[in-house]
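Data block for coords-v3.cif (mmCIF, C-alpha atoms):
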```cif
data_query
#
loop_
_atom_site.label_atom_id
_atom_site.label_comp_id
_atom_site.auth_asym_id
_atom_site.auth_seq_id
_atom_site.Cartn_x
_atom_site.Cartn_y
_atom_site.Cartn_z
CA MET D 19 3.09 -96.58 -123.26
CA ASN D 20 6.12 -97.76 -121.26
CA GLN D 21 6.79 -94.17 -120.32
CA GLU D 22 3.25 -93.84 -118.92
CA ASN D 23 3.69 -97.01 -116.87
CA GLU D 24 6.94 -95.71 -115.42
CA ASN D 25 5.28 -92.45 -114.46
CA ASN D 26 2.43 -94.32 -112.79
CA ASN D 27 4.89 -96.25 -110.61
CA GLN D 28 6.51 -93.09 -109.28
CA PRO D 29 5.23 -91.61 -105.99
CA LYS D 30 2.76 -88.81 -106.53
CA LYS D 31 3.49 -85.37 -105.12
CA ASN D 32 0.91 -83.04 -103.76
CA ASN D 33 0.12 -80.14 -106.03
CA PRO D 34 -0.28 -76.90 -104.06
CA ASN D 35 -2.51 -75.49 -106.77
CA GLN D 36 -4.78 -78.50 -106.51
CA GLU D 37 -5.09 -78.05 -102.75
CA LYS D 38 -6.20 -74.50 -103.28
CA GLY D 39 -8.84 -75.60 -105.75
CA ASN D 40 -7.03 -74.19 -108.80
CA LYS D 41 -6.97 -76.38 -111.86
CA SER D 42 -4.67 -76.45 -114.83
CA SER D 43 -5.04 -78.10 -118.21
CA ASN D 44 -2.41 -80.71 -117.29
CA GLN D 45 -4.20 -82.12 -114.25
CA GLY D 46 -6.29 -85.26 -113.85
CA ASN D 47 -6.77 -87.43 -116.93
CA PHE D 48 -5.98 -84.64 -119.37
CA LYS D 49 -2.70 -85.69 -120.90
CA PRO D 50 -1.51 -86.73 -124.38
CA ARG D 51 -1.91 -90.32 -125.53
CA TYR D 52 0.70 -91.59 -127.96
CA TYR D 53 -0.21 -94.45 -130.27
CA LYS D 54 2.10 -97.09 -131.67
CA ASN D 55 -0.34 -99.91 -132.34
CA TYR D 56 -4.10 -99.48 -132.10
CA LYS D 57 -4.58 -103.18 -131.30
CA ASN D 58 -2.82 -102.77 -127.95
CA TYR D 59 -5.59 -100.61 -126.51
CA ASP D 60 -8.70 -101.56 -124.61
CA ASN D 61 -11.64 -101.30 -126.98
CA SER D 62 -14.21 -102.79 -124.63
CA GLU D 63 -17.61 -101.19 -124.23
CA ASP D 64 -18.39 -99.28 -121.04
CA PRO D 65 -21.99 -99.93 -119.91
CA LYS D 66 -21.96 -96.57 -118.14
CA ILE D 67 -21.57 -94.76 -121.48
CA ALA D 68 -24.50 -94.74 -123.89
CA ILE D 69 -23.06 -92.34 -126.49
CA SER D 70 -19.52 -91.45 -127.49
CA VAL D 71 -19.04 -88.30 -129.56
CA VAL D 72 -15.80 -88.18 -131.56
CA ILE D 73 -14.72 -84.72 -132.76
CA PRO D 74 -11.59 -84.27 -134.88
CA MET D 75 -10.28 -80.72 -134.55
CA TYR D 76 -7.62 -78.67 -136.25
CA ASN D 77 -7.20 -75.02 -135.27
CA GLU D 78 -10.72 -74.57 -133.88
CA GLU D 79 -9.97 -72.72 -130.63
CA GLU D 80 -12.74 -70.16 -131.15
CA SER D 81 -15.56 -72.64 -131.73
CA LEU D 82 -14.74 -75.21 -129.03
CA PRO D 83 -16.24 -73.40 -125.99
CA GLU D 84 -19.59 -72.83 -127.68
CA LEU D 85 -19.60 -76.34 -129.12
CA SER D 86 -18.93 -77.92 -125.73
CA VAL D 87 -21.83 -76.02 -124.12
CA LEU D 88 -24.23 -77.16 -126.84
CA LEU D 89 -23.03 -80.75 -126.61
CA GLU D 90 -23.26 -80.86 -122.82
CA LYS D 91 -26.83 -79.62 -122.89
CA GLU D 92 -27.95 -81.94 -125.67
CA LEU D 93 -26.21 -85.09 -124.42
CA THR D 94 -27.30 -84.62 -120.82
CA GLU D 95 -30.92 -84.55 -121.93
CA LEU D 96 -30.54 -87.52 -124.27
CA THR D 97 -28.51 -89.85 -122.04
CA ASN D 98 -29.10 -88.61 -118.51
CA GLY D 99 -25.38 -87.93 -118.24
CA LYS D 100 -24.21 -91.27 -119.70
CA TYR D 101 -21.99 -89.90 -122.45
CA GLU D 102 -18.44 -88.99 -123.36
CA VAL D 103 -16.98 -86.48 -125.80
CA ILE D 104 -13.56 -87.19 -127.31
CA PHE D 105 -11.64 -84.33 -128.91
CA VAL D 106 -8.88 -85.50 -131.25
CA ASP D 107 -6.44 -82.64 -131.81
CA ASP D 108 -4.96 -83.25 -135.25
CA GLY D 109 -1.76 -81.27 -134.63
CA SER D 110 -3.38 -77.85 -134.14
CA THR D 111 -1.02 -74.87 -134.26
CA ASP D 112 -3.31 -72.54 -132.31
CA ASN D 113 -4.59 -72.83 -128.72
CA SER D 114 -7.15 -75.56 -129.42
CA TRP D 115 -5.38 -77.99 -127.06
CA ASP D 116 -5.39 -75.53 -124.16
CA VAL D 117 -9.02 -74.61 -124.77
CA ALA D 118 -9.91 -78.30 -124.74
CA GLY D 119 -8.08 -78.59 -121.43
CA LYS D 120 -10.25 -75.91 -119.84
CA ILE D 121 -13.38 -77.66 -121.12
CA ILE D 122 -12.21 -80.94 -119.59
CA ASP D 123 -11.48 -79.26 -116.26
CA ASN D 124 -15.10 -78.16 -116.13
CA ASN D 125 -16.58 -81.46 -117.30
CA ARG D 126 -14.72 -84.77 -116.96
CA LYS D 127 -17.04 -86.42 -119.45
CA PHE D 128 -14.92 -84.67 -122.06
CA ARG D 129 -11.57 -86.21 -123.01
CA ALA D 130 -8.86 -85.35 -125.52
CA VAL D 131 -6.09 -86.93 -127.56
CA LYS D 132 -3.34 -84.91 -129.20
CA PHE D 133 -1.23 -85.73 -132.26
CA ARG D 134 2.35 -84.56 -132.53
CA LYS D 135 1.63 -83.28 -136.06
CA ASN D 136 -1.22 -83.00 -138.53
CA MET D 137 -2.10 -86.55 -139.60
CA GLY D 138 -5.41 -86.01 -141.36
CA LYS D 139 -9.05 -86.57 -140.54
CA SER D 140 -9.00 -90.31 -141.18
CA ASP D 141 -6.32 -90.92 -138.55
CA ALA D 142 -8.13 -88.62 -136.14
CA LEU D 143 -11.35 -90.58 -136.57
CA GLN D 144 -9.56 -93.92 -136.23
CA VAL D 145 -8.03 -92.91 -132.91
CA GLY D 146 -11.37 -91.54 -131.76
CA PHE D 147 -13.07 -94.80 -132.70
CA ASN D 148 -10.47 -96.77 -130.74
CA GLU D 149 -11.01 -94.52 -127.72
CA ALA D 150 -14.80 -94.65 -127.85
CA LYS D 151 -16.48 -96.71 -125.11
CA GLY D 152 -20.13 -96.04 -125.93
CA LYS D 153 -22.69 -98.31 -127.53
CA ILE D 154 -23.42 -95.59 -130.09
CA VAL D 155 -20.73 -93.41 -131.66
CA ILE D 156 -21.43 -89.96 -133.09
CA THR D 157 -18.97 -88.06 -135.26
CA MET D 158 -19.15 -84.37 -136.02
CA ASP D 159 -16.88 -81.51 -137.02
CA ALA D 160 -15.63 -78.93 -134.53
CA ASP D 161 -16.40 -75.82 -136.61
CA LEU D 162 -20.04 -75.41 -135.41
CA GLN D 163 -21.40 -76.06 -138.89
CA ASP D 164 -22.78 -79.37 -137.60
CA ASP D 165 -25.64 -78.86 -135.15
CA PRO D 166 -25.58 -80.99 -131.93
CA ALA D 167 -29.38 -80.73 -131.86
CA GLU D 168 -29.45 -83.13 -134.81
CA ILE D 169 -28.00 -85.95 -132.69
CA LYS D 170 -31.43 -86.96 -131.42
CA ASN D 171 -32.70 -87.26 -135.01
CA LEU D 172 -29.77 -89.48 -135.94
CA LEU D 173 -30.42 -91.70 -132.93
CA ALA D 174 -34.12 -91.98 -133.77
CA LYS D 175 -33.26 -93.17 -137.28
CA LEU D 176 -30.66 -95.55 -135.91
CA LYS D 177 -33.34 -97.19 -133.74
CA GLU D 178 -35.26 -98.13 -136.89
CA GLY D 179 -32.71 -100.89 -137.44
CA TYR D 180 -29.91 -99.14 -139.31
CA ASP D 181 -26.24 -99.56 -138.43
CA LEU D 182 -25.07 -96.19 -139.78
CA VAL D 183 -27.01 -92.99 -140.29
CA SER D 184 -25.28 -90.24 -142.24
CA GLY D 185 -26.25 -86.61 -142.26
CA TRP D 186 -27.29 -84.95 -145.50
CA LYS D 187 -26.52 -81.25 -145.72
CA LYS D 188 -29.51 -80.64 -147.96
CA VAL D 189 -29.12 -76.86 -147.66
CA ARG D 190 -25.42 -76.03 -147.55
CA HIS D 191 -23.87 -72.74 -146.48
CA ASP D 192 -20.61 -73.17 -148.35
CA PRO D 193 -19.15 -71.43 -151.42
CA ILE D 194 -19.84 -72.90 -154.85
CA THR D 195 -16.18 -73.93 -155.07
CA LYS D 196 -17.03 -76.56 -152.45
CA THR D 197 -20.64 -77.40 -153.27
CA ALA D 198 -20.25 -77.98 -157.03
CA PRO D 199 -17.34 -80.46 -156.82
CA SER D 200 -19.01 -82.09 -153.83
CA LYS D 201 -22.19 -82.80 -155.80
CA PHE D 202 -20.16 -84.39 -158.60
CA PHE D 203 -18.16 -86.42 -156.08
CA ASN D 204 -21.30 -87.68 -154.34
CA PHE D 205 -22.94 -88.58 -157.65
CA VAL D 206 -19.93 -90.60 -158.84
CA THR D 207 -19.47 -92.30 -155.47
CA SER D 208 -23.15 -93.20 -155.28
CA LYS D 209 -23.11 -94.76 -158.75
CA THR D 210 -19.89 -96.71 -158.30
CA SER D 211 -20.41 -97.92 -154.72
CA GLY D 212 -23.98 -99.10 -155.19
CA ILE D 213 -25.41 -97.12 -152.26
CA LYS D 214 -27.47 -94.02 -152.99
CA LEU D 215 -26.54 -91.17 -150.64
CA HIS D 216 -26.62 -87.45 -151.31
CA ASP D 217 -23.76 -86.54 -148.97
CA PHE D 218 -21.03 -89.09 -148.25
CA ASN D 219 -18.67 -86.53 -146.73
CA CYS D 220 -20.96 -85.03 -144.08
CA GLY D 221 -19.09 -85.07 -140.76
CA LEU D 222 -22.27 -85.64 -138.75
CA LYS D 223 -22.93 -89.39 -138.54
CA ALA D 224 -24.24 -91.94 -136.05
CA TYR D 225 -22.82 -95.46 -135.86
CA LYS D 226 -23.54 -98.58 -133.95
CA ARG D 227 -20.42 -99.61 -132.10
CA GLU D 228 -19.79 -102.65 -134.29
CA VAL D 229 -19.38 -100.47 -137.37
CA VAL D 230 -16.56 -98.28 -136.02
CA LYS D 231 -14.78 -101.31 -134.58
CA THR D 232 -14.99 -103.17 -137.90
CA ILE D 233 -14.26 -100.59 -140.61
CA PRO D 234 -10.60 -99.45 -140.69
CA VAL D 235 -10.13 -95.78 -141.58
CA TYR D 236 -6.87 -94.63 -143.16
CA GLY D 237 -5.55 -92.29 -145.83
CA GLU D 238 -8.55 -90.27 -146.99
CA MET D 239 -11.03 -93.11 -146.48
CA HIS D 240 -13.18 -91.16 -144.00
CA ARG D 241 -15.16 -89.94 -147.02
CA TYR D 242 -16.13 -93.50 -147.87
CA ILE D 243 -17.10 -94.90 -144.47
CA PRO D 244 -20.77 -95.26 -145.54
CA ALA D 245 -19.70 -97.05 -148.74
CA LEU D 246 -17.28 -99.31 -146.85
CA ALA D 247 -19.95 -100.10 -144.26
CA HIS D 248 -22.42 -100.95 -147.02
CA MET D 249 -19.87 -103.22 -148.69
CA ASN D 250 -19.39 -105.02 -145.36
CA GLY D 251 -23.10 -105.76 -145.04
CA PHE D 252 -24.17 -103.00 -142.66
CA LEU D 253 -27.45 -101.15 -143.20
CA VAL D 254 -26.76 -97.53 -144.14
CA THR D 255 -29.11 -94.60 -144.67
CA GLU D 256 -29.17 -90.80 -144.39
CA ILE D 257 -31.39 -88.02 -143.08
CA PRO D 258 -31.37 -84.28 -143.85
CA VAL D 259 -29.58 -82.25 -141.18
CA GLU D 260 -29.22 -78.54 -140.60
CA HIS D 261 -25.98 -76.99 -141.79
CA HIS D 262 -24.83 -73.68 -140.33
CA PRO D 263 -22.57 -71.07 -141.92
CA ARG D 264 -19.02 -71.09 -140.61
CA LYS D 265 -18.70 -68.62 -137.72
CA TYR D 266 -14.98 -68.81 -137.02
CA GLY D 267 -11.82 -69.45 -138.97
CA LYS D 268 -11.69 -70.80 -142.49
CA THR D 269 -12.06 -74.14 -144.22
CA LYS D 270 -9.14 -76.56 -143.92
CA TYR D 271 -9.72 -78.27 -147.27
CA GLY D 272 -8.25 -77.29 -150.62
CA PHE D 273 -8.69 -78.50 -154.19
CA SER D 274 -6.22 -81.34 -153.64
CA ARG D 275 -8.79 -83.18 -151.52
CA PHE D 276 -10.88 -83.88 -154.64
CA ILE D 277 -7.92 -85.49 -156.43
CA LYS D 278 -7.08 -87.56 -153.35
CA GLY D 279 -10.75 -88.42 -152.94
CA PHE D 280 -10.99 -89.69 -156.52
CA LEU D 281 -7.89 -91.85 -156.12
CA ASP D 282 -9.25 -93.27 -152.87
CA LEU D 283 -12.55 -94.00 -154.61
CA LEU D 284 -10.67 -96.13 -157.13
CA THR D 285 -8.98 -97.93 -154.23
CA VAL D 286 -12.30 -98.60 -152.52
CA MET D 287 -13.90 -99.94 -155.67
CA PHE D 288 -10.92 -102.13 -156.54
CA LEU D 289 -10.72 -103.61 -153.04
CA ASN D 290 -14.46 -104.22 -152.95
CA ARG D 291 -14.71 -105.95 -156.32
CA TYR D 292 -11.40 -107.73 -156.72
CA MET D 293 -9.83 -108.13 -153.26
CA LYS D 294 -10.95 -111.76 -153.08
CA ARG D 295 -10.56 -112.51 -156.78
CA PRO D 296 -7.54 -110.61 -158.19
CA MET D 297 -7.33 -112.93 -161.20
CA HIS D 298 -10.66 -111.54 -162.42
CA PHE D 299 -9.04 -108.10 -162.73
CA PHE D 300 -5.47 -108.87 -163.79
CA GLY D 301 -6.50 -111.94 -165.76
CA THR D 302 -9.10 -110.02 -167.76
CA LEU D 303 -6.58 -107.32 -168.65
CA GLY D 304 -3.99 -109.96 -169.47
CA VAL D 305 -6.30 -111.86 -171.82
CA ILE D 306 -7.31 -108.62 -173.57
CA PHE D 307 -3.69 -107.52 -174.07
CA ILE D 308 -2.61 -110.98 -175.31
CA THR D 309 -5.56 -111.26 -177.69
CA VAL D 310 -5.04 -107.79 -179.18
CA GLY D 311 -1.27 -108.27 -179.46
CA PHE D 312 -1.63 -111.70 -181.05
CA GLY D 313 -4.27 -110.37 -183.46
CA ILE D 314 -2.02 -107.51 -184.58
CA ASP D 315 1.01 -109.73 -185.14
CA PHE D 316 -1.06 -112.43 -186.85
CA TYR D 317 -2.50 -109.86 -189.26
CA LEU D 318 0.98 -108.54 -190.10
CA LEU D 319 2.26 -112.09 -190.53
CA ILE D 320 -0.40 -112.81 -193.16
CA GLU D 321 0.55 -109.62 -195.03
CA TRP D 322 4.18 -110.70 -194.89
CA PHE D 323 3.36 -114.10 -196.37
CA LEU D 324 1.44 -112.36 -199.18
CA ASN D 325 4.44 -110.06 -199.80
CA GLN D 326 2.29 -107.02 -199.03
CA THR D 327 4.57 -105.61 -196.31
CA TYR D 328 8.00 -105.86 -194.70
CA LEU D 329 8.03 -106.55 -190.96
CA SER D 330 11.35 -104.72 -190.52
CA ASN D 331 9.73 -101.32 -191.13
CA ARG D 332 6.49 -101.92 -189.24
CA PRO D 333 6.68 -100.65 -185.59
CA LEU D 334 3.26 -102.23 -185.15
CA VAL D 335 5.02 -105.59 -184.84
CA GLN D 336 6.90 -104.49 -181.74
CA PHE D 337 3.70 -103.01 -180.32
CA GLY D 338 1.90 -106.34 -180.74
CA ILE D 339 4.78 -108.22 -179.08
CA ALA D 340 4.80 -105.72 -176.21
CA LEU D 341 1.07 -106.25 -175.66
CA ILE D 342 1.59 -110.02 -175.49
CA ILE D 343 4.43 -109.64 -172.96
CA VAL D 344 2.41 -107.24 -170.78
CA GLY D 345 -0.57 -109.60 -171.02
CA PHE D 346 1.45 -112.52 -169.61
CA GLN D 347 2.78 -110.23 -166.86
CA MET D 348 -0.81 -109.36 -165.92
CA LEU D 349 -1.67 -113.05 -165.76
CA SER D 350 1.35 -113.62 -163.53
CA LEU D 351 0.19 -110.85 -161.18
CA GLY D 352 -3.23 -112.47 -161.10
CA PHE D 353 -1.75 -115.84 -160.12
CA LEU D 354 0.37 -114.23 -157.39
CA GLY D 355 -2.68 -112.40 -156.09
CA GLU D 356 -4.69 -115.63 -156.00
CA MET D 357 -1.92 -117.34 -154.02
CA ILE D 358 -1.94 -114.52 -151.46
CA VAL D 359 -5.73 -114.59 -151.17
CA LYS D 360 -5.71 -118.39 -150.76
CA ASN D 361 -3.21 -118.08 -147.93
CA GLN D 362 -5.36 -115.45 -146.23
CA GLN D 363 -8.51 -117.56 -146.61
CA GLU D 364 -6.90 -120.32 -144.55
CA HIS D 365 -6.76 -117.90 -141.59
CA LYS D 366 -10.03 -116.13 -142.30
CA VAL D 367 -12.41 -115.41 -139.45
CA ILE D 368 -16.07 -115.01 -140.43
CA LYS D 369 -18.05 -112.83 -138.02
CA ILE D 370 -21.59 -113.92 -137.22
CA SER D 371 -23.98 -111.10 -136.33
CA ASP D 372 -26.69 -113.24 -134.71
CA ARG D 373 -27.69 -116.77 -133.84
CA LYS D 374 -31.03 -118.39 -132.96
#
```

Kindly transcribe the structure held in the file into structure tokens.
Amino acid sequence: MNQENENNNQPKKNNPNQEKGNKSSNQGNFKPRYYKNYKNYDNSEDPKIAISVVIPMYNEEESLPELSVLLEKELTELTNGKYEVIFVDDGSTDNSWDVAGKIIDNNRKFRAVKFRKNMGKSDALQVGFNEAKGKIVITMDADLQDDPAEIKNLLAKLKEGYDLVSGWKKVRHDPITKTAPSKFFNFVTSKTSGIKLHDFNCGLKAYKREVVKTIPVYGEMHRYIPALAHMNGFLVTEIPVEHHPRKYGKTKYGFSRFIKGFLDLLTVMFLNRYMKRPMHFFGTLGVIFITVGFGIDFYLLIEWFLNQTYLSNRPLVQFGIALIIVGFQMLSLGFLGEMIVKNQQEHKVIKISDRK
């Protein structure tokens, strides 16, 4: 950021190409933004922007021109030109950044941010959310499988009073290697999170501004934004959306995403249930371990008194002692967690959504 300020203080030189009317991808506002701390950036709403569309992209140079044309047509009709489209280049290794530059030269309502390397979809969405100035934020993928024509349907559902509307790819045009695990993932997530959705991972979603400015997205948590929003008291629903076959390139996701997704699901559930009461989790485990360990050793002690066994050749004794020790360690972790939570509660800020 200091580098940008220094550049702004330097005298500007006339660009001969600009005088001739020629444009390059490095002119105007089209330049990389480098992030050190998201909190340092202006997140205020722009009344001139009704809708912000955030599009993470990674090696999608072939689909971007067609996508931009569809978005421009759809958003112009919906907002009378009061929109912005934010491309977040997640370290693409093809010409996606240059193609985005040409799109921006033709329409300044499009903007772009570029990462130095591939950071993942969650980071791309977080930066896009921080950049967004609109009252409503739309997210979609850049591969043309999400249809921009569905935006109006998402907005209509949002007007019914919901805070987040997620797309549901009811008819998917993906191989079974993606659809089968996805159905299992959605089923498990729906059961454990308490919100019934058919498609948590659909890239096409509509949010009220407060949602994207409240829910932090990191790691692989982009899959659980609807669940996190629900846990934070926002109203969440879904509508069926059209899903197109992939026209260009290939999918960027492998089998490892399901393992990471499962681990992140455990994180979400733990934070939701026990973040404010860690003793309920660690204390319960501690009491169980202590009780089982004490029961084992007490049983062996009775046998020893009755001369029915020798404790020196019973490994079960050491196992019982180990359970008791681990149980007290769990209780200690619970107490430490409660002390941390108590300290945080003293500085807690409760957000009020309305007042009459």

**OP:** Can you turn the PyMOL selection byres ((chain D and resi 344-348) around 9) into a concrete residue list for this file, as a PyMOL selection string?
**Re:** chain D and resi 297+299-309+311+339-343+349-353

Original post:
the PyMOL selection byres ((chain D and resi 140-152) around 9) on the file shown: which residues, as a VMD selection string?
Top reply: chain D and resid 53 56 to 57 59 to 75 100 to 108 131 133 137 to 139 153 to 155 157 227 230 to 231 234 to 241

Subject >> Residue among D:His261, D:Lys209, D:Lys127, D:Arg190 lying closest to Glu168 of chain D, counting all atoms listed in the file >> reply: D:His261

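Contact shell of Glu90 of chain D at 10 Å (all atoms listed in the file; same-chain neighbours under 3 positions omitted): Leu85, Ser86, Val87, Leu93, Thr94, Glu95, Leu96, Gly99, Tyr101, Glu102, Val103, Asn125, Lys127, Phe128 and Pro166 of chain D.
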
Written file, previous selection with C-alpha atoms, as a PDB file, in the frame of the given file:
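Output saved as again-v8.pdb:
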```pdb
ATOM      1  CA  LEU D  85     -19.600 -76.340-129.120  1.00  0.00           C
ATOM      2  CA  SER D  86     -18.930 -77.920-125.730  1.00  0.00           C
ATOM      3  CA  VAL D  87     -21.830 -76.020-124.120  1.00  0.00           C
ATOM      4  CA  LEU D  93     -26.210 -85.090-124.420  1.00  0.00           C
ATOM      5  CA  THR D  94     -27.300 -84.620-120.820  1.00  0.00           C
ATOM      6  CA  GLU D  95     -30.920 -84.550-121.930  1.00  0.00           C
ATOM      7  CA  LEU D  96     -30.540 -87.520-124.270  1.00  0.00           C
ATOM      8  CA  GLY D  99     -25.380 -87.930-118.240  1.00  0.00           C
ATOM      9  CA  TYR D 101     -21.990 -89.900-122.450  1.00  0.00           C
ATOM     10  CA  GLU D 102     -18.440 -88.990-123.360  1.00  0.00           C
ATOM     11  CA  VAL D 103     -16.980 -86.480-125.800  1.00  0.00           C
ATOM     12  CA  ASN D 125     -16.580 -81.460-117.300  1.00  0.00           C
ATOM     13  CA  LYS D 127     -17.040 -86.420-119.450  1.00  0.00           C
ATOM     14  CA  PHE D 128     -14.920 -84.670-122.060  1.00  0.00           C
ATOM     15  CA  PRO D 166     -25.580 -80.990-131.930  1.00  0.00           C
TER      16      PRO D 166
END
```

Subject >> Between atom CA of Pro83 of chain D and atom CA of Gly109 of chain D - distance in Å to one decimal >> reply: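 Distance between the two atoms: 18.6 Å.
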
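With all atoms listed in the file as the atoms that count, the residue of D:Asp181, D:Glu80, D:Asp161, D:Glu356 with the shortest distance to Arg264 of chain D is D:Asp161.
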
Original post:
Quick one, how far is atom CA of Ile243 of chain D from atom CA of Phe218 of chain D?
Top reply: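 So the answer is 8.0 Å.
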